[in-house]
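*Asks:* Contents of protein_3.pdb (PDB, C-alpha atoms):
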```
ATOM      1  CA  MET A 241     118.550  87.649 155.271
ATOM      2  CA  LYS A 242     118.672  86.814 151.562
ATOM      3  CA  SER A 243     116.748  89.035 149.171
ATOM      4  CA  SER A 244     113.527  87.442 147.892
ATOM      5  CA  LYS A 245     114.071  88.964 144.451
ATOM      6  CA  LYS A 246     116.958  89.924 142.249
ATOM      7  CA  LEU A 247     117.982  93.543 142.504
ATOM      8  CA  LYS A 248     117.489  95.722 139.431
ATOM      9  CA  ALA A 249     120.744  97.658 139.121
ATOM     10  CA  ASP A 250     122.606 100.083 136.888
ATOM     11  CA  LEU A 251     126.169 100.745 138.021
ATOM     12  CA  HIS A 252     127.436 103.100 135.301
ATOM     13  CA  ILE A 253     125.478 106.328 134.761
ATOM     14  CA  HIS A 254     126.347 109.994 134.243
ATOM     15  CA  THR A 255     124.490 113.090 135.485
ATOM     16  CA  GLY A 256     124.580 116.852 135.093
ATOM     17  CA  GLU A 257     127.242 117.112 137.779
ATOM     18  CA  ASP A 258     129.731 115.439 135.420
ATOM     19  CA  PRO A 259     132.768 117.711 134.835
ATOM     20  CA  GLU A 260     133.397 116.313 131.327
ATOM     21  CA  ASP A 261     130.069 115.887 129.544
ATOM     22  CA  LYS A 262     127.125 118.233 129.137
ATOM     23  CA  ILE A 263     124.193 116.270 130.554
ATOM     24  CA  GLU A 264     120.683 117.695 130.888
ATOM     25  CA  TYR A 265     119.496 115.909 134.060
ATOM     26  CA  THR A 266     120.742 116.086 137.645
ATOM     27  CA  ALA A 267     121.533 113.271 140.062
ATOM     28  CA  LYS A 268     118.158 113.858 141.770
ATOM     29  CA  GLU A 269     116.331 113.670 138.448
ATOM     30  CA  LEU A 270     118.113 110.411 137.659
ATOM     31  CA  ILE A 271     117.026 108.984 141.011
ATOM     32  CA  ASP A 272     113.445 110.058 140.300
ATOM     33  CA  GLU A 273     113.545 108.249 136.945
ATOM     34  CA  ALA A 274     115.110 105.173 138.554
ATOM     35  CA  TRP A 275     112.259 105.117 141.075
ATOM     36  CA  ARG A 276     109.764 105.360 138.214
ATOM     37  CA  GLN A 277     111.427 102.371 136.515
ATOM     38  CA  LYS A 278     111.549 100.414 139.790
ATOM     39  CA  PHE A 279     115.335 100.205 140.105
ATOM     40  CA  ASP A 280     116.786  98.952 143.381
ATOM     41  CA  VAL A 281     120.452  99.931 143.039
ATOM     42  CA  LEU A 282     122.314 102.773 141.303
ATOM     43  CA  ALA A 283     125.878 104.023 141.011
ATOM     44  CA  ILE A 284     126.479 107.496 139.600
ATOM     45  CA  THR A 285     129.867 107.302 137.889
ATOM     46  CA  ASN A 286     130.738 110.761 136.656
ATOM     47  CA  HIS A 287     134.117 111.367 135.029
ATOM     48  CA  ASN A 288     136.865 111.923 137.609
ATOM     49  CA  LEU A 289     134.269 112.992 140.197
ATOM     50  CA  ILE A 290     132.432 111.092 142.943
ATOM     51  CA  THR A 291     128.847 112.400 142.993
ATOM     52  CA  TYR A 292     127.743 110.999 146.327
ATOM     53  CA  ASP A 293     126.939 112.476 149.727
ATOM     54  CA  ASP A 294     124.602 111.915 152.678
ATOM     55  CA  TYR A 295     121.850 113.998 151.070
ATOM     56  CA  LEU A 296     121.833 112.001 147.804
ATOM     57  CA  LYS A 297     122.157 108.740 149.696
ATOM     58  CA  LYS A 298     119.062 109.569 151.760
ATOM     59  CA  TYR A 299     117.163 110.972 148.776
ATOM     60  CA  ALA A 300     117.671 107.647 146.997
ATOM     61  CA  SER A 301     116.967 105.597 150.119
ATOM     62  CA  ASP A 302     113.646 107.386 150.675
ATOM     63  CA  LYS A 303     112.633 106.108 147.216
ATOM     64  CA  GLY A 304     113.758 102.571 148.017
ATOM     65  CA  ILE A 305     117.005 102.840 146.045
ATOM     66  CA  LEU A 306     120.473 101.954 147.297
ATOM     67  CA  LEU A 307     123.049 104.434 146.008
ATOM     68  CA  ILE A 308     126.612 103.103 145.753
ATOM     69  CA  PRO A 309     129.440 105.644 145.359
ATOM     70  CA  GLY A 310     131.338 105.385 142.099
ATOM     71  CA  ILE A 311     133.573 107.180 139.641
ATOM     72  CA  GLU A 312     134.756 106.790 136.042
ATOM     73  CA  LEU A 313     138.457 107.544 136.083
ATOM     74  CA  LYS A 314     140.646 108.349 133.103
ATOM     75  CA  ILE A 315     143.986 106.587 133.557
ATOM     76  CA  GLU A 316     146.603 106.293 130.816
ATOM     77  CA  GLY A 317     143.968 107.980 128.643
ATOM     78  CA  LYS A 318     141.530 105.090 129.247
ATOM     79  CA  HIS A 319     138.299 104.834 131.221
ATOM     80  CA  VAL A 320     137.990 102.613 134.293
ATOM     81  CA  ILE A 321     135.055 102.356 136.727
ATOM     82  CA  LEU A 322     135.735 102.202 140.462
ATOM     83  CA  LEU A 323     132.799 101.425 142.776
ATOM     84  CA  ASN A 324     132.178 101.636 146.518
ATOM     85  CA  VAL A 325     134.912 104.128 147.323
ATOM     86  CA  ASN A 326     134.088 107.460 148.981
ATOM     87  CA  ASN A 327     137.152 109.256 147.681
ATOM     88  CA  VAL A 328     140.222 108.760 145.533
ATOM     89  CA  GLU A 329     143.044 109.466 147.925
ATOM     90  CA  LYS A 330     145.879 109.913 145.478
ATOM     91  CA  GLU A 331     146.552 110.587 141.826
ATOM     92  CA  ILE A 332     146.497 107.383 139.832
ATOM     93  CA  ARG A 333     148.936 107.470 136.934
ATOM     94  CA  THR A 334     148.699 103.880 135.699
ATOM     95  CA  VAL A 335     145.984 101.239 135.656
ATOM     96  CA  GLU A 336     148.361  99.061 137.683
ATOM     97  CA  GLU A 337     148.100 101.548 140.566
ATOM     98  CA  LEU A 338     144.382 100.714 140.920
ATOM     99  CA  GLU A 339     145.626  97.691 142.856
ATOM    100  CA  TYR A 340     145.703 100.092 145.831
ATOM    101  CA  TYR A 341     141.870 100.223 145.766
ATOM    102  CA  LYS A 342     141.291  96.549 145.069
ATOM    103  CA  ASN A 343     139.715  94.816 148.073
ATOM    104  CA  GLU A 344     136.720  92.633 148.918
ATOM    105  CA  ASN A 345     134.386  95.642 149.204
ATOM    106  CA  SER A 346     135.373  97.518 146.028
ATOM    107  CA  LEU A 347     134.659  96.742 142.387
ATOM    108  CA  ILE A 348     136.854  97.646 139.415
ATOM    109  CA  ILE A 349     135.055  97.444 136.071
ATOM    110  CA  ALA A 350     136.313  97.627 132.491
ATOM    111  CA  PRO A 351     133.743  99.917 130.801
ATOM    112  CA  HIS A 352     132.856  99.680 127.086
ATOM    113  CA  PRO A 353     136.309  98.121 126.455
ATOM    114  CA  TYR A 354     136.006  97.667 122.678
ATOM    115  CA  PHE A 355     133.854 100.595 121.641
ATOM    116  CA  PRO A 356     135.429 102.773 118.893
ATOM    117  CA  MET A 357     136.560 105.639 121.115
ATOM    118  CA  PHE A 358     139.982 106.718 122.381
ATOM    119  CA  ALA A 359     139.082 106.137 126.028
ATOM    120  CA  SER A 360     138.170 102.448 125.571
ATOM    121  CA  LEU A 361     140.694 100.041 127.086
ATOM    122  CA  LYS A 362     141.079  97.770 124.041
ATOM    123  CA  ALA A 363     144.512  96.030 124.322
ATOM    124  CA  LYS A 364     145.037  97.395 127.834
ATOM    125  CA  LEU A 365     142.252  95.135 129.090
ATOM    126  CA  ASP A 366     144.448  92.112 128.371
ATOM    127  CA  GLN A 367     147.506  93.903 129.741
ATOM    128  CA  TYR A 368     145.809  94.701 133.070
ATOM    129  CA  ILE A 369     143.249  91.901 133.251
ATOM    130  CA  HIS A 370     144.399  90.972 136.781
ATOM    131  CA  ILE A 371     143.154  94.364 138.002
ATOM    132  CA  PHE A 372     139.535  93.996 136.889
ATOM    133  CA  ASN A 373     136.642  92.346 138.735
ATOM    134  CA  ALA A 374     134.110  92.632 135.893
ATOM    135  CA  ILE A 375     133.685  93.614 132.247
ATOM    136  CA  GLU A 376     130.881  95.848 131.052
ATOM    137  CA  TYR A 377     128.063  95.184 128.590
ATOM    138  CA  THR A 378     126.766  98.643 127.754
ATOM    139  CA  HIS A 379     123.487  99.770 126.193
ATOM    140  CA  PHE A 380     124.812 101.581 123.128
ATOM    141  CA  TYR A 381     124.551  98.980 120.376
ATOM    142  CA  PHE A 382     122.329  98.081 117.478
ATOM    143  CA  LYS A 383     120.967  94.737 116.298
ATOM    144  CA  ARG A 384     123.661  94.333 113.626
ATOM    145  CA  ILE A 385     126.397  96.488 115.193
ATOM    146  CA  ASN A 386     127.389  95.418 118.679
ATOM    147  CA  PHE A 387     130.817  96.234 120.098
ATOM    148  CA  ASN A 388     129.912  94.275 123.248
ATOM    149  CA  LYS A 389     130.496  90.972 121.443
ATOM    150  CA  LYS A 390     134.259  91.058 121.959
ATOM    151  CA  ALA A 391     133.718  91.965 125.619
ATOM    152  CA  GLU A 392     131.557  88.844 125.948
ATOM    153  CA  ARG A 393     134.356  86.694 124.508
ATOM    154  CA  LYS A 394     136.941  88.249 126.843
ATOM    155  CA  ALA A 395     134.702  87.693 129.863
ATOM    156  CA  ARG A 396     134.457  83.997 128.968
ATOM    157  CA  LYS A 397     138.195  83.753 128.303
ATOM    158  CA  TYR A 398     139.170  85.248 131.658
ATOM    159  CA  ASN A 399     136.227  83.865 133.634
ATOM    160  CA  LEU A 400     135.090  87.348 134.647
ATOM    161  CA  PRO A 401     131.480  88.435 135.186
ATOM    162  CA  LEU A 402     129.767  90.509 132.524
ATOM    163  CA  LEU A 403     127.792  93.401 134.009
ATOM    164  CA  GLY A 404     124.927  95.067 132.140
ATOM    165  CA  VAL A 405     124.872  98.876 132.430
ATOM    166  CA  SER A 406     123.462 101.850 130.560
ATOM    167  CA  ASP A 407     126.377 104.331 130.670
ATOM    168  CA  ALA A 408     123.500 106.759 130.176
ATOM    169  CA  HIS A 409     124.173 110.340 129.095
ATOM    170  CA  HIS A 410     120.497 110.932 128.207
ATOM    171  CA  LEU A 411     117.529 109.778 130.279
ATOM    172  CA  HIS A 412     115.967 107.903 127.354
ATOM    173  CA  GLN A 413     119.053 105.631 127.363
ATOM    174  CA  PHE A 414     118.517 104.682 130.999
ATOM    175  CA  GLY A 415     116.792 101.318 131.403
ATOM    176  CA  LEU A 416     117.765  99.866 128.009
ATOM    177  CA  THR A 417     120.441  97.654 129.565
ATOM    178  CA  TYR A 418     120.779  96.766 133.246
ATOM    179  CA  SER A 419     121.614  93.899 135.590
ATOM    180  CA  LEU A 420     119.550  91.732 137.907
ATOM    181  CA  ILE A 421     121.781  90.834 140.839
ATOM    182  CA  ASP A 422     121.040  87.987 143.247
ATOM    183  CA  ALA A 423     122.105  89.607 146.517
ATOM    184  CA  GLU A 424     121.025  91.306 149.689
ATOM    185  CA  LYS A 425     120.445  95.037 149.320
ATOM    186  CA  ALA A 426     123.768  96.185 150.753
ATOM    187  CA  PRO A 427     126.880  97.429 148.892
ATOM    188  CA  GLU A 428     129.245  94.709 150.092
ATOM    189  CA  ALA A 429     126.719  91.933 149.405
ATOM    190  CA  ILE A 430     126.054  93.261 145.891
ATOM    191  CA  ILE A 431     129.766  93.483 145.087
ATOM    192  CA  LYS A 432     130.335  89.963 146.410
ATOM    193  CA  ALA A 433     127.465  88.655 144.260
ATOM    194  CA  ILE A 434     128.862  90.360 141.143
ATOM    195  CA  LYS A 435     132.272  88.817 141.730
ATOM    196  CA  LYS A 436     130.549  85.423 141.997
ATOM    197  CA  ASN A 437     128.736  86.170 138.717
ATOM    198  CA  LYS A 438     125.264  86.047 140.251
ATOM    199  CA  ILE A 439     124.049  88.386 137.521
ATOM    200  CA  GLU A 440     121.442  88.309 134.800
ATOM    201  CA  ILE A 441     121.770  90.937 132.053
ATOM    202  CA  VAL A 442     118.571  92.459 130.688
ATOM    203  CA  THR A 443     119.166  94.283 127.415
ATOM    204  CA  ARG A 444     117.668  95.310 124.115
ATOM    205  CA  PRO A 445     119.367  96.982 121.151
ATOM    206  CA  MET A 446     118.784 100.586 120.247
ATOM    207  CA  LYS A 447     116.738 101.355 117.161
ATOM    208  CA  PHE A 448     118.949 102.084 114.173
ATOM    209  CA  ASN A 449     117.908 105.588 113.170
ATOM    210  CA  TRP A 450     119.638 108.888 112.473
ATOM    211  CA  PHE A 451     118.924 110.240 115.941
ATOM    212  CA  ASN A 452     120.786 107.391 117.639
ATOM    213  CA  VAL A 453     123.603 107.417 115.074
ATOM    214  CA  ILE A 454     124.102 111.173 115.621
ATOM    215  CA  LEU A 455     124.130 110.624 119.399
ATOM    216  CA  SER A 456     126.892 108.056 118.958
ATOM    217  CA  LEU A 457     128.976 110.365 116.757
ATOM    218  CA  LYS A 458     128.429 113.284 119.123
ATOM    219  CA  HIS A 459     129.663 111.217 122.076
ATOM    220  CA  MET A 460     132.811 110.151 120.218
ATOM    221  CA  ILE A 461     133.525 113.763 119.178
ATOM    222  CA  THR A 462     133.106 114.854 122.811
ATOM    223  CA  GLN A 463     135.671 112.273 123.863
ATOM    224  CA  ILE A 464     138.145 113.472 121.227
ATOM    225  CA  SER A 465     137.619 117.099 122.288
ATOM    226  CA  PHE A 466     138.037 116.250 125.972
ATOM    227  CA  GLN A 467     141.259 114.379 125.179
ATOM    228  CA  LYS A 468     142.636 117.649 123.804
ATOM    229  CA  ARG A 469     141.285 120.250 126.245
ATOM    230  CA  GLY A 470     140.771 118.447 129.556
ATOM    231  CA  PRO A 471     137.672 118.661 131.805
ATOM    232  CA  LYS A 472     135.308 121.623 131.791
ATOM    233  CA  LYS A 473     135.796 124.211 134.521
TER     234      LYS A 473
END
```
Starting from the coordinates I provided, produce the structure as structure tokens.

*Replies:*
Amino acid sequence: MKSSKKLKADLHIHTGEDPEDKIEYTAKELIDEAWRQKFDVLAITNHNLITYDDYLKKYASDKGILLIPGIELKIEGKHVILLNVNNVEKEIRTVEELEYYKNENSLIIAPHPYFPMFASLKAKLDQYIHIFNAIEYTHFYFKRINFNKKAERKARKYNLPLLGVSDAHHLHQFGLTYSLIDAEKAPEAIIKAIKKNKIEIVTRPMKFNWFNVILSLKHMITQISFQKRGPKK
């Protein structure tokens, strides 16, 4: 049966379980906030870690939220989002090797591809464009500074869907940018709808103030530090 409304979804979010970043809220606290904001679908995409189990799935379901397993992998030093997989069975050394996980029920997303950070895909998006199912439009931008613009152009060029996400590392970032997806409330149906570009992006720019600028710089410094030292123990 077709959903009577579009599903409010955010498919790129980090939580306190993330092995790379220091984040102040847990997966349960994120789900609570998503319930408060009337989200229908979430994917927790921690760095190199799938934060998903039967307990979290049920906790979300009891609040009317579908939780889709996901992960943000670092491959060739670049970030890639992989959705609707319960585990990563083998070490992935190149973006090309993601082909192993590419099927009708999975989704491979190019996250923040042109943001000024080492882990952004940049030229590798063109190199591996055949691997990706969607390109990301992320929340962290200002009215006059928006690194999503090039991602928009690439999505048009390659006829790929653009998916609105928060990539939240702080709860106040969650809900600034998200997607409305025209699909039934089931993982495979949602992924199929995304691939068919049945998406509406809802977004608003961040306020340009010192707090948000410092957050941006802090995130980029974290990425540089992680590049040198590896994940936290």

*Asks:* Could you give me, as a ChimeraX atom specification, the residues that sit within 10 Å of (119.3, 101.8, 149.5) in the file's coordinates, counting all atoms listed in the file?

*Replies:* /A:280-282,297-308,425-427

*Asks:* Evaluate the PyMOL selection byres ((chain A and resi 443) around 6) here and jot the selected residues down as an MDAnalysis selection string.

*Replies:* chainID A and resid 416:417 442 444

*Asks:* Fewer than 2 positions away in the same chain doesn't count, so skip those; otherwise give me all residues within 7 Å of Lys438 (chain A), counting all atoms listed in the file, as a list in words.

*Replies:*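 Neighbouring residues, sequence-local ones excluded: Ile421, Asp422, Ala433, Ile434 and Lys436 of chain A.
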
*Asks:* I want to know what sits within 8 Å of Ile348 (chain A), based on only C-alpha atoms, with residues of the same chain fewer than 6 positions away left out; could you give that as a list in words?

*Replies:* Val320, Ile321, Leu322, Leu323, Lys342, Ile371, Phe372, Asn373 and Ala374 of chain A

*Asks:* To one decimal place, how far is CA of Lys278 (chain A) from CA of Glu257 (chain A) in Å?

*Replies:* 23.0 Å

*Asks:* Which of these residues is nearest to Lys394 (chain A), using all atoms listed in the file: A:Leu420, A:Leu289, A:Ile271, A:Ala350?

*Replies:*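 Nearest candidate to Lys394 (chain A) out of A:Leu420, A:Leu289, A:Ile271, A:Ala350: A:Ala350.
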
*Asks:* Find, counting only C-alpha atoms, the residue in A:Glu428, A:Ile349, A:Leu361, A:Tyr381 that gets nearest to Leu402 (chain A).

*Replies:*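 Looking only at the distances to Leu402 (chain A), the closest residue turns out to be A:Ile349.
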
*Asks:* Just say which residues the PyMOL selection byres ((chain A and resi 269) around 12) picks in this file, as an MDAnalysis selection string.

*Replies:* chainID A and resid 254:257 263:268 270:276 284 296 299:300 410:411 414

*Asks:* Output the residue selection produced by the PyMOL selection byres ((chain A and resi 446) around 8) on the file above, formatted as number ranges by chain.

*Replies:* A: 379-383, 416, 444-445, 447-448, 452

*Asks:* May I have the protein, DNA and RNA residues with any atom at most 9 Å from the point (137.4, 98.2, 122.2), counting all atoms listed in the file, written as a list in words?

*Replies:*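 I get His352, Pro353, Tyr354, Phe355, Pro356, Met357, Phe358, Ala359, Ser360, Leu361, Lys362, Ala363, Leu365, Phe387, Asn388, Lys390 and Ala391 of chain A for the residues within 9 Å of that point.
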
*Asks:* Report as a ChimeraX atom specification all protein, DNA and RNA residues lying within 9 Å of Ser406 (chain A), evaluated on all atoms listed in the file, omitting residues in the same chain fewer than 2 positions from it.

*Replies:* /A:250-253,377-380,404,408-409,413-418

*Asks:* So, counting all atoms listed in the file, which residue among A:Glu336, A:Asp294, A:Ala283, A:Gly317 is closest to Ile431 (chain A)?

*Replies:* A:Ala283

*Asks:* A:Lys389, A:Ile375, A:Ile311, A:Asn343: which is nearest Asn286 (chain A), counting all atoms listed in the file?

*Replies:*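 Looking only at the distances to Asn286 (chain A), the closest residue turns out to be A:Ile311.
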
*Asks:* Determine the nearest neighbour of Thr285 (chain A) from the options A:Glu329, A:Glu316, A:Asp407, A:Glu337, counting all atoms listed in the file.

*Replies:*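 Smallest separation from Thr285 (chain A) among the options: A:Asp407.
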
*Asks:* What does the structure give for the distance between CA of Asn326 (chain A) and CA of Phe279 (chain A), in Å to one decimal?

*Replies:*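 A separation of 22.0 Å between them.
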
*Asks:* Padding of 5 Å on every side, edges along x, y and z, all listed atoms of region 302-318 of chain A included: what centre and edge lengths in Å, to one decimal, does that box have, as AutoDock Vina command-line options?

*Replies:*
```
--center_x 129.6 --center_y 105.2 --center_z 139.7 --size_x 44.0 --size_y 16.4 --size_z 32.0
```
